[in-house]
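Data from structure14.cif: mmCIF, C-alpha atoms
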data_coords
#
loop_
_atom_site.group_PDB
_atom_site.id
_atom_site.type_symbol
_atom_site.label_atom_id
_atom_site.label_comp_id
_atom_site.auth_asym_id
_atom_site.auth_seq_id
_atom_site.Cartn_x
_atom_site.Cartn_y
_atom_site.Cartn_z
ATOM 1 C CA MET A 109 -258.766 149.556 -6.325
ATOM 2 C CA TYR A 110 -259.125 152.992 -4.738
ATOM 3 C CA GLY A 111 -261.862 154.300 -2.473
ATOM 4 C CA LEU A 112 -262.914 156.927 0.036
ATOM 5 C CA ILE A 113 -263.672 156.232 3.684
ATOM 6 C CA LEU A 114 -267.347 157.100 4.250
ATOM 7 C CA TRP A 115 -267.574 155.789 7.819
ATOM 8 C CA TYR A 116 -264.974 154.595 10.306
ATOM 9 C CA ASP A 117 -265.317 153.156 13.814
ATOM 10 C CA SER A 118 -262.034 153.991 15.534
ATOM 11 C CA ASP A 119 -262.768 151.679 18.490
ATOM 12 C CA LYS A 120 -263.499 148.540 16.459
ATOM 13 C CA LYS A 121 -261.409 149.679 13.472
ATOM 14 C CA ASN A 122 -264.082 148.889 10.874
ATOM 15 C CA ALA A 123 -264.688 150.982 7.778
ATOM 16 C CA ILE A 124 -267.233 151.497 5.006
ATOM 17 C CA VAL A 125 -265.594 152.415 1.705
ATOM 18 C CA TRP A 126 -266.983 154.051 -1.440
ATOM 19 C CA CYS A 127 -265.167 152.104 -4.147
ATOM 20 C CA ASP A 128 -263.886 153.776 -7.317
ATOM 21 C CA ASP A 129 -265.935 151.429 -9.531
ATOM 22 C CA SER A 130 -269.075 153.129 -8.133
ATOM 23 C CA ASP A 131 -270.643 149.727 -7.434
ATOM 24 C CA LYS A 132 -271.798 148.638 -3.961
ATOM 25 C CA LEU A 133 -269.959 149.951 -0.919
ATOM 26 C CA GLY A 134 -267.115 147.907 0.534
ATOM 27 C CA TYR A 135 -266.477 146.852 4.131
ATOM 28 C CA ALA A 136 -263.106 146.557 5.872
ATOM 29 C CA SER A 137 -262.622 144.941 9.265
ATOM 30 C CA SER A 138 -259.687 145.568 11.586
ATOM 31 C CA ALA A 139 -257.872 142.503 10.191
ATOM 32 C CA ASP A 140 -258.058 143.993 6.677
ATOM 33 C CA ILE A 141 -256.698 147.461 7.526
ATOM 34 C CA ASN A 142 -252.922 147.891 7.283
ATOM 35 C CA LEU A 143 -251.744 151.155 8.809
ATOM 36 C CA ASN A 144 -248.383 152.287 10.125
ATOM 37 C CA ASP A 145 -248.261 153.037 13.849
ATOM 38 C CA SER A 146 -248.411 156.772 13.092
ATOM 39 C CA GLU A 147 -251.435 156.490 10.736
ATOM 40 C CA THR A 148 -255.129 156.609 11.539
ATOM 41 C CA LEU A 149 -258.195 156.518 9.315
ATOM 42 C CA GLU A 150 -260.857 159.203 9.111
ATOM 43 C CA VAL A 151 -263.872 159.919 6.957
ATOM 44 C CA GLY A 152 -262.660 161.385 3.662
ATOM 45 C CA ASP A 153 -259.352 159.535 3.504
ATOM 46 C CA LEU A 154 -258.284 158.086 0.153
ATOM 47 C CA VAL A 155 -257.319 154.425 0.431
ATOM 48 C CA THR A 156 -256.206 151.566 -1.782
ATOM 49 C CA PHE A 157 -257.243 147.937 -1.269
ATOM 50 C CA SER A 158 -257.942 144.574 -2.875
ATOM 51 C CA LEU A 159 -261.614 143.801 -3.399
ATOM 52 C CA VAL A 160 -263.013 140.404 -2.461
ATOM 53 C CA THR A 161 -266.650 139.527 -3.161
ATOM 54 C CA PHE A 162 -268.844 136.859 -1.587
ATOM 55 C CA GLY A 163 -272.238 137.029 -3.266
ATOM 56 C CA GLU A 164 -273.487 140.561 -2.560
ATOM 57 C CA PHE A 165 -270.794 141.247 0.076
ATOM 58 C CA ARG A 166 -267.799 143.347 -0.973
ATOM 59 C CA GLY A 167 -264.806 143.155 1.323
ATOM 60 C CA CYS A 168 -261.799 145.443 1.244
ATOM 61 C CA THR A 169 -258.614 143.565 2.130
ATOM 62 C CA ASN A 170 -255.083 144.875 2.526
ATOM 63 C CA LEU A 171 -256.501 148.402 2.925
ATOM 64 C CA ARG A 172 -253.810 151.102 3.012
ATOM 65 C CA LEU A 173 -253.922 154.872 3.420
ATOM 66 C CA VAL A 174 -252.981 156.820 0.261
ATOM 67 C CA GLU A 175 -253.901 160.390 1.205
ATOM 68 C CA ALA A 176 -255.376 161.640 4.467
ATOM 69 C CA GLN A 177 -258.373 163.974 4.159
ATOM 70 C CA ASN A 178 -258.620 163.789 0.361
ATOM 71 C CA ALA A 179 -262.368 164.529 0.592
ATOM 72 C CA PRO A 180 -263.183 165.428 4.216
ATOM 73 C CA GLU A 181 -266.738 166.595 3.449
ATOM 74 C CA ILE A 182 -267.767 163.491 1.469
ATOM 75 C CA SER A 183 -270.178 161.961 3.993
ATOM 76 C CA ARG A 184 -271.889 165.254 4.767
ATOM 77 C CA SER A 185 -272.165 166.119 1.058
ATOM 78 C CA LEU A 186 -273.750 162.747 0.264
ATOM 79 C CA LEU A 187 -276.242 163.107 3.117
ATOM 80 C CA GLN A 188 -277.201 166.610 1.986
ATOM 81 C CA ALA A 189 -277.616 165.454 -1.611
ATOM 82 C CA SER A 190 -279.890 162.602 -0.548
ATOM 83 C CA ALA A 191 -282.084 164.988 1.462
ATOM 84 C CA SER A 192 -282.496 167.500 -1.388
ATOM 85 C CA PRO A 193 -285.906 167.597 -3.069
ATOM 86 C CA ARG A 194 -285.976 165.654 -6.300
ATOM 87 C CA ILE A 195 -286.088 167.689 -9.479
ATOM 88 C CA GLN A 196 -288.821 166.459 -11.787
ATOM 89 C CA ALA A 197 -288.469 166.723 -15.529
ATOM 90 C CA ILE A 198 -291.016 168.877 -17.318
ATOM 91 C CA THR A 199 -292.542 167.108 -20.260
ATOM 92 C CA ALA A 200 -294.294 168.892 -23.066
#

Written form, structure tokens:
Amino acid sequence: MYGLILWYDSDKKNAIVWCDDSDKLGYASSADINLNDSETLEVGDLVTFSLVTFGEFRGCTNLRLVEAQNAPEISRSLLQASASPRIQAITA
């Protein structure tokens, strides 16, 4: 599966991933993230991973970087979209 990094804690090396199936977000812990010594993760990076589910929990295992900064504005764009006033349909 593919996904975009929406949030990343560089100290603890944990990530929240928007999965390409557009279902619930996935979580990756430091043990699940496989990077080369020269690679780091940032918000907007495109990654690939295996999805493991436990009830409502979606874990991303064997997470690997595909393309750095594929969508660097993704988190900000989602926050702005959620803050926009809702458009109401006009009914006749």

(request) Just give me the gap between atom CA of A:Phe157 and atom CA of A:Arg172 in Å, one decimal is fine. (result)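 So the answer is 6.3 Å.
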
(request) Between A:Asp140, A:Glu175, A:Glu181, A:Glu164, single out the one closest to A:Tyr110, counting all atoms listed in the file. (result)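 Going through A:Asp140, A:Glu175, A:Glu181, A:Glu164 one by one, the smallest distance to A:Tyr110 is for A:Glu175.
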
I'd like to see the residues matched by the PyMOL selection byres ((chain A and resi 113-126) around 9) on this file, and ideally I'd get them as a PDB file with C-alpha atoms, keeping the file's coordinate frame.
ATOM      1  CA  TYR A 110    -259.125 152.992  -4.738  1.00  0.00           C
ATOM      2  CA  GLY A 111    -261.862 154.300  -2.473  1.00  0.00           C
ATOM      3  CA  LEU A 112    -262.914 156.927   0.036  1.00  0.00           C
ATOM      4  CA  CYS A 127    -265.167 152.104  -4.147  1.00  0.00           C
ATOM      5  CA  ASP A 128    -263.886 153.776  -7.317  1.00  0.00           C
ATOM      6  CA  ASP A 129    -265.935 151.429  -9.531  1.00  0.00           C
ATOM      7  CA  SER A 130    -269.075 153.129  -8.133  1.00  0.00           C
ATOM      8  CA  ASP A 131    -270.643 149.727  -7.434  1.00  0.00           C
ATOM      9  CA  LYS A 132    -271.798 148.638  -3.961  1.00  0.00           C
ATOM     10  CA  LEU A 133    -269.959 149.951  -0.919  1.00  0.00           C
ATOM     11  CA  GLY A 134    -267.115 147.907   0.534  1.00  0.00           C
ATOM     12  CA  TYR A 135    -266.477 146.852   4.131  1.00  0.00           C
ATOM     13  CA  ALA A 136    -263.106 146.557   5.872  1.00  0.00           C
ATOM     14  CA  SER A 137    -262.622 144.941   9.265  1.00  0.00           C
ATOM     15  CA  SER A 138    -259.687 145.568  11.586  1.00  0.00           C
ATOM     16  CA  ALA A 139    -257.872 142.503  10.191  1.00  0.00           C
ATOM     17  CA  ASP A 140    -258.058 143.993   6.677  1.00  0.00           C
ATOM     18  CA  ILE A 141    -256.698 147.461   7.526  1.00  0.00           C
ATOM     19  CA  THR A 148    -255.129 156.609  11.539  1.00  0.00           C
ATOM     20  CA  LEU A 149    -258.195 156.518   9.315  1.00  0.00           C
ATOM     21  CA  GLU A 150    -260.857 159.203   9.111  1.00  0.00           C
ATOM     22  CA  VAL A 151    -263.872 159.919   6.957  1.00  0.00           C
ATOM     23  CA  GLY A 152    -262.660 161.385   3.662  1.00  0.00           C
ATOM     24  CA  ASP A 153    -259.352 159.535   3.504  1.00  0.00           C
ATOM     25  CA  LEU A 154    -258.284 158.086   0.153  1.00  0.00           C
ATOM     26  CA  VAL A 155    -257.319 154.425   0.431  1.00  0.00           C
ATOM     27  CA  CYS A 168    -261.799 145.443   1.244  1.00  0.00           C
ATOM     28  CA  ALA A 179    -262.368 164.529   0.592  1.00  0.00           C
ATOM     29  CA  ILE A 182    -267.767 163.491   1.469  1.00  0.00           C
ATOM     30  CA  SER A 183    -270.178 161.961   3.993  1.00  0.00           C
TER      31      SER A 183
END

(request) Name the residues in contact with A:Leu159 at a cut-off of 7 Å, using all atoms listed in the file, excluding same-chain residues fewer than 5 positions from it; report them as a list in words. (result) Arg166, Gly167, Cys168 and Thr169 of chain A

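Note that atom CA of A:Met109 and atom CA of A:Asn178 are 15.7 Å apart.
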
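Taking all atoms listed in the file into account, A:Asn144 lies nearest to A:Leu171 out of the set A:Phe162, A:Leu171, A:Arg184, A:Ala189.
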